[in-house]
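Reproduced below: structure31.txt, with compact mmCIF, C-alpha atoms.
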```
# COMPACT_ATOMS: atom_id res chain seq x y z
CA MET A 16 108.05 167.65 70.77
CA ALA A 17 110.16 170.69 70.02
CA SER A 18 111.51 172.58 72.97
CA HIS A 19 109.81 175.59 74.48
CA GLU A 20 112.23 177.99 72.79
CA ILE A 21 111.71 176.46 69.34
CA GLU A 22 107.95 176.54 69.89
CA THR A 23 108.12 180.22 70.81
CA LEU A 24 110.15 180.95 67.68
CA THR A 25 107.66 179.05 65.52
CA GLN A 26 104.81 181.07 66.97
CA ALA A 27 106.62 184.38 66.46
CA LEU A 28 107.25 183.48 62.82
CA SER A 29 103.71 182.21 62.25
CA ARG A 30 102.37 185.67 63.14
CA LEU A 31 104.10 187.20 60.12
CA PRO A 32 101.73 187.91 57.23
CA GLY A 33 102.05 185.18 54.63
CA LEU A 34 103.25 182.54 57.11
CA GLY A 35 100.85 180.19 58.87
CA PRO A 36 101.67 177.58 61.54
CA ARG A 37 102.70 174.99 58.94
CA SER A 38 104.99 177.21 56.92
CA ALA A 39 106.43 178.74 60.10
CA ARG A 40 107.43 175.24 61.19
CA ARG A 41 109.03 174.60 57.80
CA ALA A 42 110.86 177.91 58.08
CA VAL A 43 112.14 177.06 61.56
CA LEU A 44 113.39 173.67 60.37
CA HIS A 45 115.14 175.41 57.49
CA LEU A 46 116.78 177.82 59.94
CA LEU A 47 117.84 175.01 62.26
CA LYS A 48 119.39 173.08 59.39
CA LYS A 49 121.17 176.02 57.78
CA ARG A 50 122.61 177.67 60.83
CA GLU A 51 125.46 179.52 59.13
CA THR A 52 123.74 180.41 55.84
CA ALA A 53 120.19 181.17 57.03
CA PHE A 54 119.84 181.42 60.80
CA ASP A 55 122.81 183.67 61.54
CA PRO A 56 122.23 186.11 58.63
CA LEU A 57 118.56 186.50 59.59
CA LEU A 58 119.36 187.02 63.27
CA ALA A 59 122.08 189.55 62.42
CA ALA A 60 119.84 191.43 59.97
CA LEU A 61 117.00 191.66 62.49
CA ALA A 62 119.31 192.85 65.25
CA SER A 63 120.92 195.41 62.97
CA VAL A 64 117.61 196.86 61.80
CA ARG A 65 116.15 196.88 65.31
CA GLU A 66 119.09 198.82 66.62
CA ARG A 67 118.76 201.61 64.06
CA LEU A 68 115.00 201.60 63.44
CA ALA A 69 113.50 205.08 63.23
CA THR A 70 110.38 206.84 61.98
CA CYS A 71 111.27 209.79 59.76
CA GLY A 72 110.25 213.02 61.50
CA ILE A 73 109.60 214.67 58.14
CA CYS A 74 107.61 212.19 56.08
CA GLY A 75 106.69 209.35 58.43
CA ASN A 76 108.65 206.70 56.49
CA VAL A 77 110.19 203.90 58.53
CA ASP A 78 113.91 203.60 57.97
CA THR A 79 117.20 203.11 59.77
CA SER A 80 117.84 206.84 59.90
CA ASP A 81 115.89 210.03 60.71
CA PRO A 82 115.44 211.86 58.36
CA CYS A 83 114.95 208.82 56.16
CA ALA A 84 117.13 208.08 53.12
CA ILE A 85 114.53 209.61 50.79
CA CYS A 86 114.13 212.90 52.69
CA ALA A 87 117.91 213.15 53.10
CA ASP A 88 118.63 212.54 49.41
CA PRO A 89 119.53 215.86 47.75
CA ARG A 90 118.88 214.40 44.28
CA ARG A 91 115.18 214.07 45.10
CA ASP A 92 112.93 216.76 43.69
CA ALA A 93 111.81 218.70 46.77
CA ARG A 94 109.09 220.47 44.76
CA ALA A 95 107.00 217.33 44.23
CA LEU A 96 105.31 215.67 47.19
CA CYS A 97 103.46 212.37 47.02
CA VAL A 98 100.95 211.69 49.82
CA VAL A 99 100.27 208.05 50.66
CA GLU A 100 98.22 206.19 53.25
CA GLU A 101 100.81 203.78 54.56
CA VAL A 102 104.56 203.18 54.58
CA SER A 103 103.89 200.11 52.43
CA ASP A 104 102.40 202.38 49.74
CA LEU A 105 105.50 204.58 49.86
CA TRP A 106 107.68 201.52 49.37
CA ALA A 107 105.54 200.21 46.52
CA LEU A 108 105.76 203.53 44.66
CA ASP A 109 109.42 203.99 45.39
CA ARG A 110 110.26 200.47 44.32
CA ALA A 111 109.06 201.29 40.83
CA ARG A 112 111.35 204.37 40.99
CA LEU A 113 108.79 206.32 38.99
CA PHE A 114 108.33 209.22 41.38
CA PRO A 115 111.36 211.52 41.68
CA GLY A 116 110.01 213.64 44.55
CA ARG A 117 109.46 213.12 48.24
CA PHE A 118 106.69 211.48 50.22
CA HIS A 119 104.31 212.06 53.09
CA VAL A 120 102.80 209.14 54.99
CA LEU A 121 99.36 209.77 56.51
CA GLY A 122 99.41 206.64 58.64
CA GLY A 123 95.99 205.47 57.51
CA ARG A 124 92.79 206.70 55.89
CA LEU A 125 89.67 208.44 57.13
CA SER A 126 87.12 205.86 58.20
CA ALA A 127 83.80 206.48 59.89
CA LEU A 128 83.50 202.75 60.44
CA GLU A 129 86.82 202.43 62.26
CA GLY A 130 86.45 205.85 63.87
CA ILE A 131 89.56 207.28 62.21
CA ARG A 132 89.29 211.08 62.09
CA PRO A 133 91.47 213.72 60.42
CA GLU A 134 93.35 214.37 63.64
CA ASP A 135 94.37 210.70 63.76
CA LEU A 136 96.27 211.10 60.49
CA ALA A 137 99.40 213.12 59.70
CA ILE A 138 97.39 215.80 57.91
CA ASP A 139 98.43 218.80 60.02
CA SER A 140 102.10 218.03 59.41
CA LEU A 141 101.33 217.73 55.70
CA ILE A 142 99.73 221.19 55.69
CA ARG A 143 102.76 222.57 57.55
CA ARG A 144 105.10 221.13 54.91
CA ILE A 145 103.02 222.70 52.15
CA ALA A 146 102.67 226.02 54.00
CA ALA A 147 106.46 226.17 54.43
CA GLY A 148 106.66 226.62 50.66
CA GLY A 149 108.96 225.19 47.98
CA ILE A 150 106.40 222.59 46.88
CA ASP A 151 104.83 222.90 43.41
CA GLU A 152 102.81 219.72 43.18
CA VAL A 153 101.06 217.47 45.67
CA VAL A 154 100.16 214.03 44.30
CA LEU A 155 97.37 212.37 46.27
CA ALA A 156 98.21 208.67 45.93
CA MET A 157 95.48 207.18 48.09
CA ASN A 158 94.12 203.72 47.44
CA ALA A 159 91.28 203.48 44.91
CA THR A 160 88.88 202.56 47.71
CA LEU A 161 85.95 204.52 49.07
CA GLU A 162 87.89 205.47 52.18
CA GLY A 163 91.04 206.29 50.23
CA GLN A 164 89.13 208.58 47.89
CA THR A 165 87.28 210.22 50.78
CA THR A 166 90.64 210.94 52.38
CA ALA A 167 91.97 212.35 49.11
CA HIS A 168 88.98 214.70 48.77
CA PHE A 169 89.33 215.84 52.37
CA ILE A 170 93.02 216.63 51.91
CA ALA A 171 92.40 218.36 48.57
CA GLU A 172 89.97 220.69 50.34
CA ARG A 173 92.42 221.39 53.15
CA ILE A 174 95.13 222.26 50.60
CA GLU A 175 92.92 224.67 48.66
CA GLY A 176 94.33 228.17 48.79
CA TYR A 177 97.97 227.11 48.87
CA PRO A 178 99.83 227.77 45.60
CA VAL A 179 100.32 224.11 44.70
CA ARG A 180 98.99 221.91 41.95
CA VAL A 181 97.02 219.01 43.45
CA THR A 182 96.83 215.85 41.36
CA GLN A 183 95.84 212.27 41.94
CA LEU A 184 96.72 208.89 40.44
CA ALA A 185 94.80 207.97 37.30
CA HIS A 186 92.10 205.33 37.63
CA GLY A 187 91.32 202.92 34.82
CA LEU A 188 92.35 199.61 33.33
CA PRO A 189 95.38 198.02 34.97
CA VAL A 190 98.15 196.94 32.59
CA GLY A 191 97.22 193.56 31.14
CA GLY A 192 93.66 193.98 32.37
CA GLU A 193 91.03 192.15 30.35
CA LEU A 194 87.64 193.84 30.23
CA ASP A 195 85.92 190.52 30.66
CA TYR A 196 87.53 190.01 34.07
CA LEU A 197 87.43 193.55 35.46
CA ASP A 198 84.82 194.73 37.93
CA GLU A 199 82.16 197.21 36.95
CA GLY A 200 83.63 199.99 39.07
CA THR A 201 86.94 199.86 37.22
CA LEU A 202 85.19 199.74 33.85
CA ALA A 203 83.02 202.71 34.80
CA GLN A 204 86.10 204.71 35.88
CA ALA A 205 87.98 203.79 32.71
CA LEU A 206 85.03 204.82 30.55
CA ARG A 207 84.42 208.06 32.42
CA ALA A 208 88.09 209.05 32.13
CA ARG A 209 88.38 208.02 28.47
CA ARG A 210 90.80 210.07 26.38
CA PRO A 211 91.12 210.86 22.70
CA VAL A 212 93.36 208.45 20.82
CA ALA A 213 96.69 210.27 20.34
CA MET B 27 114.26 203.04 48.72
CA ALA B 28 114.62 201.17 51.98
CA SER B 29 117.97 201.38 53.69
CA HIS B 30 120.72 198.84 53.25
CA GLU B 31 119.93 197.17 56.58
CA ILE B 32 116.22 196.80 55.79
CA GLU B 33 117.09 195.44 52.35
CA THR B 34 119.42 192.87 53.93
CA LEU B 35 116.67 191.82 56.34
CA THR B 36 114.17 191.49 53.51
CA GLN B 37 116.59 189.27 51.60
CA ALA B 38 117.29 187.09 54.63
CA LEU B 39 113.55 186.59 55.16
CA SER B 40 112.86 185.96 51.48
CA ARG B 41 115.19 182.95 51.59
CA LEU B 42 112.90 181.15 54.05
CA PRO B 43 110.78 178.44 52.45
CA GLY B 44 107.28 179.75 51.85
CA LEU B 45 108.34 183.40 51.63
CA GLY B 46 109.22 185.08 48.35
CA PRO B 47 110.50 188.63 47.80
CA ARG B 48 106.99 190.11 47.93
CA SER B 49 105.84 188.38 51.08
CA ALA B 50 109.21 189.01 52.73
CA ARG B 51 108.70 192.73 52.13
CA ARG B 52 105.21 192.53 53.61
CA ALA B 53 106.63 190.67 56.59
CA VAL B 54 109.33 193.30 57.11
CA LEU B 55 106.75 196.10 56.98
CA HIS B 56 104.69 194.21 59.52
CA LEU B 57 107.73 193.90 61.79
CA LEU B 58 108.60 197.59 61.40
CA LYS B 59 105.06 198.61 62.29
CA LYS B 60 104.62 196.27 65.24
CA ARG B 61 107.93 196.75 66.97
CA GLU B 62 106.86 195.68 70.44
CA THR B 63 104.40 192.95 69.52
CA ALA B 64 106.12 191.36 66.50
CA PHE B 65 109.69 192.54 65.97
CA ASP B 66 111.00 192.21 69.50
CA PRO B 67 109.40 188.81 70.23
CA LEU B 68 110.77 187.38 66.97
CA LEU B 69 114.25 188.77 67.59
CA ALA B 70 114.25 187.46 71.16
CA ALA B 71 112.99 184.03 70.09
CA LEU B 72 115.63 183.70 67.39
CA ALA B 73 118.42 184.79 69.73
CA SER B 74 117.22 182.43 72.44
CA VAL B 75 117.07 179.41 70.11
CA ARG B 76 120.40 180.23 68.49
CA GLU B 77 122.11 180.36 71.83
CA ARG B 78 120.94 176.91 72.91
CA LEU B 79 120.71 175.14 69.55
CA ALA B 80 122.07 171.60 69.61
CA THR B 81 121.94 168.38 67.62
CA CYS B 82 121.03 165.43 69.82
CA GLY B 83 124.02 163.09 70.07
CA ILE B 84 121.71 160.10 70.44
CA CYS B 85 119.00 160.47 67.81
CA GLY B 86 120.05 163.40 65.59
CA ASN B 87 117.05 165.55 66.48
CA VAL B 88 117.63 169.30 66.55
CA ASP B 89 116.65 170.84 69.86
CA THR B 90 117.79 173.31 72.48
CA SER B 91 119.36 170.56 74.59
CA ASP B 92 121.58 167.49 74.02
CA PRO B 93 120.22 164.87 74.58
CA CYS B 94 117.02 166.25 73.09
CA ALA B 95 113.76 166.50 75.06
CA ILE B 96 112.50 163.23 73.54
CA CYS B 97 115.61 161.15 74.33
CA ALA B 98 115.74 162.66 77.83
CA ASP B 99 112.07 161.95 78.57
CA PRO B 100 111.83 158.92 80.89
CA ARG B 101 108.15 158.44 80.04
CA ARG B 102 109.09 157.55 76.47
CA ASP B 103 109.11 153.85 75.64
CA ALA B 104 112.80 153.06 75.12
CA ARG B 105 111.95 149.68 73.57
CA ALA B 106 110.38 151.21 70.44
CA LEU B 107 112.56 153.08 67.95
CA CYS B 108 111.20 154.96 64.94
CA VAL B 109 113.70 155.62 62.12
CA VAL B 110 113.03 158.68 59.95
CA GLU B 111 114.81 160.42 57.10
CA GLU B 112 114.80 163.98 58.36
CA VAL B 113 114.24 166.02 61.51
CA SER B 114 111.09 167.39 59.88
CA ASP B 115 109.71 163.82 59.69
CA LEU B 116 110.43 163.31 63.39
CA TRP B 117 108.56 166.52 64.17
CA ALA B 118 105.61 165.54 61.97
CA LEU B 119 105.26 162.16 63.68
CA ASP B 120 105.79 163.56 67.13
CA ARG B 121 103.28 166.34 66.56
CA ALA B 122 100.57 163.75 66.10
CA ARG B 123 101.77 162.22 69.42
CA LEU B 124 100.98 158.78 68.08
CA PHE B 125 104.37 157.18 68.62
CA PRO B 126 105.28 156.67 72.27
CA GLY B 127 108.88 155.57 71.65
CA ARG B 128 112.09 157.27 70.59
CA PHE B 129 113.46 158.28 67.23
CA HIS B 130 116.51 158.01 65.04
CA VAL B 131 117.18 160.59 62.30
CA LEU B 132 119.12 159.28 59.29
CA GLY B 133 119.80 162.74 57.87
CA GLY B 134 118.57 161.85 54.39
CA ARG B 135 117.90 158.87 52.14
CA LEU B 136 120.01 156.67 49.88
CA SER B 137 120.13 158.21 46.43
CA ALA B 138 122.21 157.04 43.49
CA LEU B 139 121.21 160.21 41.66
CA GLU B 140 122.44 162.54 44.38
CA GLY B 141 125.35 160.27 45.29
CA ILE B 142 124.15 159.66 48.84
CA ARG B 143 125.62 156.40 50.14
CA PRO B 144 124.97 154.44 53.35
CA GLU B 145 128.04 155.98 55.02
CA ASP B 146 126.54 159.46 54.45
CA LEU B 147 123.56 158.57 56.65
CA ALA B 148 123.39 157.88 60.38
CA ILE B 149 123.04 154.11 59.80
CA ASP B 150 126.07 152.95 61.77
CA SER B 151 124.88 154.83 64.85
CA LEU B 152 121.45 153.22 64.38
CA ILE B 153 123.01 149.76 64.32
CA ARG B 154 124.99 150.60 67.47
CA ARG B 155 121.79 151.66 69.26
CA ILE B 156 120.12 148.40 68.26
CA ALA B 157 123.18 146.31 69.13
CA ALA B 158 123.30 147.91 72.58
CA GLY B 159 120.04 146.09 73.31
CA GLY B 160 116.82 147.09 75.06
CA ILE B 161 114.98 147.71 71.80
CA ASP B 162 112.11 145.41 70.80
CA GLU B 163 110.78 147.10 67.69
CA VAL B 164 112.27 149.25 64.95
CA VAL B 165 109.70 151.14 62.87
CA LEU B 166 111.05 152.16 59.49
CA ALA B 167 109.16 155.40 58.78
CA MET B 168 110.75 156.38 55.50
CA ASN B 169 108.86 158.41 52.91
CA ALA B 170 106.71 156.42 50.48
CA THR B 171 109.09 157.31 47.65
CA LEU B 172 111.40 155.07 45.65
CA GLU B 173 114.45 156.37 47.52
CA GLY B 174 112.72 156.18 50.89
CA GLN B 175 111.71 152.58 50.31
CA THR B 176 115.17 151.66 49.02
CA THR B 177 116.61 153.10 52.21
CA ALA B 178 114.11 151.14 54.31
CA HIS B 179 115.03 147.88 52.57
CA PHE B 180 118.73 148.55 53.00
CA ILE B 181 118.32 149.21 56.72
CA ALA B 182 116.04 146.19 57.18
CA GLU B 183 118.82 144.01 55.75
CA ARG B 184 121.43 145.57 58.01
CA ILE B 185 119.24 144.91 61.05
CA GLU B 186 118.65 141.24 60.21
CA GLY B 187 120.07 139.01 62.90
CA TYR B 188 119.38 141.39 65.76
CA PRO B 189 116.53 140.28 68.03
CA VAL B 190 114.16 143.11 67.08
CA ARG B 191 110.87 143.26 65.23
CA VAL B 192 111.24 145.42 62.12
CA THR B 193 108.06 147.11 60.85
CA GLN B 194 107.22 149.86 58.45
CA LEU B 195 104.39 152.35 58.05
CA ALA B 196 101.34 151.05 56.24
CA HIS B 197 100.77 152.23 52.67
CA GLY B 198 97.29 152.73 51.27
CA LEU B 199 94.50 155.25 50.99
CA PRO B 200 95.08 158.46 52.93
CA VAL B 201 92.24 159.50 55.25
CA GLY B 202 89.60 161.27 53.18
CA GLY B 203 91.21 159.99 49.99
CA GLU B 204 88.82 159.58 47.07
CA LEU B 205 89.69 156.77 44.71
CA ASP B 206 88.87 158.95 41.76
CA TYR B 207 91.62 161.42 42.67
CA LEU B 208 94.36 159.05 43.87
CA ASP B 209 97.29 157.99 41.74
CA GLU B 210 97.63 154.46 40.43
CA GLY B 211 100.59 153.70 42.67
CA THR B 212 98.59 154.41 45.82
CA LEU B 213 95.62 152.41 44.52
CA ALA B 214 97.88 149.47 43.66
CA GLN B 215 99.42 149.56 47.17
CA ALA B 216 96.01 149.75 48.81
CA LEU B 217 94.72 146.85 46.77
CA ARG B 218 97.80 144.71 47.36
CA ALA B 219 97.64 145.30 51.13
CA ARG B 220 93.87 144.74 51.34
CA ARG B 221 92.62 143.20 54.56
CA PRO B 222 89.58 141.16 55.53
CA VAL B 223 86.67 143.25 56.77
CA ALA B 224 86.68 142.91 60.56
```
Mind converting the file's structure to structure tokens?
Amino acid sequence: MASHEIETLTQALSRLPGLGPRSARRAVLHLLKKRETAFDPLLAALASVRERLATCGICGNVDTSDPCAICADPRRDARALCVVEEVSDLWALDRARLFPGRFHVLGGRLSALEGIRPEDLAIDSLIRRIAAGGIDEVVLAMNATLEGQTTAHFIAERIEGYPVRVTQLAHGLPVGGELDYLDEGTLAQALRARRPVA
Amino acid sequence: MASHEIETLTQALSRLPGLGPRSARRAVLHLLKKRETAFDPLLAALASVRERLATCGICGNVDTSDPCAICADPRRDARALCVVEEVSDLWALDRARLFPGRFHVLGGRLSALEGIRPEDLAIDSLIRRIAAGGIDEVVLAMNATLEGQTTAHFIAERIEGYPVRVTQLAHGLPVGGELDYLDEGTLAQALRARRPVA
């Protein structure tokens, strides 16, 4: 069988989301075969990221610098702030390059079930950023789940009184969505938020 | 967007078989979040394997020692030799722990289409191992493909004259195979190789 070291590597890879034991083994074989073109670049990339890895002290993004590239970018609109649950949400929104402002990562969502309370999330630091001024709009970009929406409502209440516009992402039909295949909740939201035809 | 280093890491991961751009990004986020429990173990495992990586000079297996753990294991039956196309085949057979002997990796299969000729495979070294004596049986464990079987026939001819028994893996119904779902080729093989009920 494969050596202890190769077995350890296979196990480390198999713990990545999207890779099971089988595909981890295939990935290891691929790495072992392509030492110069796959193994070495991956090892170098991991080492390079690990060395510089930092959590942004302003927004909570994970990057190779602190402040992160987004907070440090002077071309970003500092007056618009988008609040998200997780770093992955920040990345998803930023990948689409649709939001020109900055972000704030809560680090989760309120959850009675999991015992996650307001003080477990980066809500105080969010309020401090808003209280410091210079922000016109806060976009609450929580997930369209019960917990996400509860979190959004909680934050909206905490922000009340500050001179900012608080908005949230629209809910409704996803692009390409066929009514026949959508769940009732989405249909109800889309109907409730219906708009006049332009 | 993510920094240059994180982007490079995402790309390196996305080139692994089984991971696309999306799942590579998810994997990177997972690594960034779980630095102690995921990132560091993976980095250490990769570095440890890379340092020791070797191709076995006897059988062609990839391992962290040369000779590999299988060739160096005195409990292995040196009289039985299983010939496979790729290292991945060796691992698949050895994982099942059904073959008590040693292996020989050809490094591919004969292919007119891809221009792979006998001298491109580790056939000469196989003949030398057989000629050196001490081997009773050679199991040709090529894939059940046209090219695999062509390779098996070619090797069987080259081995003729040496005092070894040459066998190959049985072809037929896979375990759990339902006739209704199997291809005609498999059914034909199973019918041709039918055996008396014990």
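If you count all atoms listed in the file and ignore residues fewer than 4 places along the chain from Leu125 in chain A, what sits within 9 Å of it is Glu129, Gly130, Ile131, Arg132, Pro133, Asp135, Leu136, Glu162, Gly163, Thr165, Thr166 and Phe169 of chain A.
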If we count all atoms listed in the file, what is near Ala178 in chain B at a cut-off of 12 Å, once residues fewer than 5 positions away on the same chain are taken out, given as a count of residues only?
27
For range 58-75 of chain B, find every residue with an atom within 8 Å (counting only C-alpha atoms), except residues of its own chain fewer than 4 positions away, and show them as a short mmCIF file (atom, residue, chain, number, x, y, z; two decimals) with C-alpha atoms, in the frame of the given file.
```
data_model
loop_
_atom_site.label_atom_id
_atom_site.label_comp_id
_atom_site.auth_asym_id
_atom_site.auth_seq_id
_atom_site.Cartn_x
_atom_site.Cartn_y
_atom_site.Cartn_z
CA GLU A 20 112.23 177.99 72.79
CA ILE A 21 111.71 176.46 69.34
CA THR A 23 108.12 180.22 70.81
CA LEU A 24 110.15 180.95 67.68
CA ALA A 27 106.62 184.38 66.46
CA LEU A 28 107.25 183.48 62.82
CA ARG A 30 102.37 185.67 63.14
CA LEU A 31 104.10 187.20 60.12
CA LEU A 58 119.36 187.02 63.27
CA LEU A 61 117.00 191.66 62.49
CA ALA A 62 119.31 192.85 65.25
CA ARG A 65 116.15 196.88 65.31
CA LEU A 68 115.00 201.60 63.44
CA VAL A 77 110.19 203.90 58.53
CA VAL B 54 109.33 193.30 57.11
CA LEU B 79 120.71 175.14 69.55
CA THR B 90 117.79 173.31 72.48
#
```
Report as a ChimeraX atom specification all protein, DNA and RNA residues lying within 10 Å of Asn76 in chain A, evaluated on only C-alpha atoms, omitting residues in the same chain fewer than 2 positions from it.
/A:69-74,78-86,101-103,105-106,118-122 /B:28
How would the residues just chosen look if you wrote them out with C-alpha atoms as a PDB file, in the frame of the given file?
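Just written: out31.pdb:
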```
ATOM      1  CA  ALA A  69     113.500 205.080  63.230  1.00  0.00           C
ATOM      2  CA  THR A  70     110.380 206.840  61.980  1.00  0.00           C
ATOM      3  CA  CYS A  71     111.270 209.790  59.760  1.00  0.00           C
ATOM      4  CA  GLY A  72     110.250 213.020  61.500  1.00  0.00           C
ATOM      5  CA  ILE A  73     109.600 214.670  58.140  1.00  0.00           C
ATOM      6  CA  CYS A  74     107.610 212.190  56.080  1.00  0.00           C
ATOM      7  CA  ASP A  78     113.910 203.600  57.970  1.00  0.00           C
ATOM      8  CA  THR A  79     117.200 203.110  59.770  1.00  0.00           C
ATOM      9  CA  SER A  80     117.840 206.840  59.900  1.00  0.00           C
ATOM     10  CA  ASP A  81     115.890 210.030  60.710  1.00  0.00           C
ATOM     11  CA  PRO A  82     115.440 211.860  58.360  1.00  0.00           C
ATOM     12  CA  CYS A  83     114.950 208.820  56.160  1.00  0.00           C
ATOM     13  CA  ALA A  84     117.130 208.080  53.120  1.00  0.00           C
ATOM     14  CA  ILE A  85     114.530 209.610  50.790  1.00  0.00           C
ATOM     15  CA  CYS A  86     114.130 212.900  52.690  1.00  0.00           C
ATOM     16  CA  GLU A 101     100.810 203.780  54.560  1.00  0.00           C
ATOM     17  CA  VAL A 102     104.560 203.180  54.580  1.00  0.00           C
ATOM     18  CA  SER A 103     103.890 200.110  52.430  1.00  0.00           C
ATOM     19  CA  LEU A 105     105.500 204.580  49.860  1.00  0.00           C
ATOM     20  CA  TRP A 106     107.680 201.520  49.370  1.00  0.00           C
ATOM     21  CA  PHE A 118     106.690 211.480  50.220  1.00  0.00           C
ATOM     22  CA  HIS A 119     104.310 212.060  53.090  1.00  0.00           C
ATOM     23  CA  VAL A 120     102.800 209.140  54.990  1.00  0.00           C
ATOM     24  CA  LEU A 121      99.360 209.770  56.510  1.00  0.00           C
ATOM     25  CA  GLY A 122      99.410 206.640  58.640  1.00  0.00           C
TER      26      GLY A 122
ATOM     27  CA  ALA B  28     114.620 201.170  51.980  1.00  0.00           C
TER      28      ALA B  28
END
```
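Relative to CA of Asp109 in chain A, CA of Ala185 in chain A is found at 17.2 Å.
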Would you list the contacts of range 139-150 of chain A as a PDB file with C-alpha atoms, keeping the file's coordinate frame, taking every protein, DNA or RNA residue within 8 Å and counting all atoms listed in the file, but skipping same-chain residues closer than 5 positions in sequence?
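Writing the result to out-v1.pdb gives the following:
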```
ATOM      1  CA  ALA A  93     111.810 218.700  46.770  1.00  0.00           C
ATOM      2  CA  ARG A  94     109.090 220.470  44.760  1.00  0.00           C
ATOM      3  CA  ALA A  95     107.000 217.330  44.230  1.00  0.00           C
ATOM      4  CA  LEU A  96     105.310 215.670  47.190  1.00  0.00           C
ATOM      5  CA  HIS A 119     104.310 212.060  53.090  1.00  0.00           C
ATOM      6  CA  GLU A 134      93.350 214.370  63.640  1.00  0.00           C
ATOM      7  CA  ARG A 173      92.420 221.390  53.150  1.00  0.00           C
ATOM      8  CA  ILE A 174      95.130 222.260  50.600  1.00  0.00           C
ATOM      9  CA  TYR A 177      97.970 227.110  48.870  1.00  0.00           C
ATOM     10  CA  VAL A 179     100.320 224.110  44.700  1.00  0.00           C
TER      11      VAL A 179
END
```
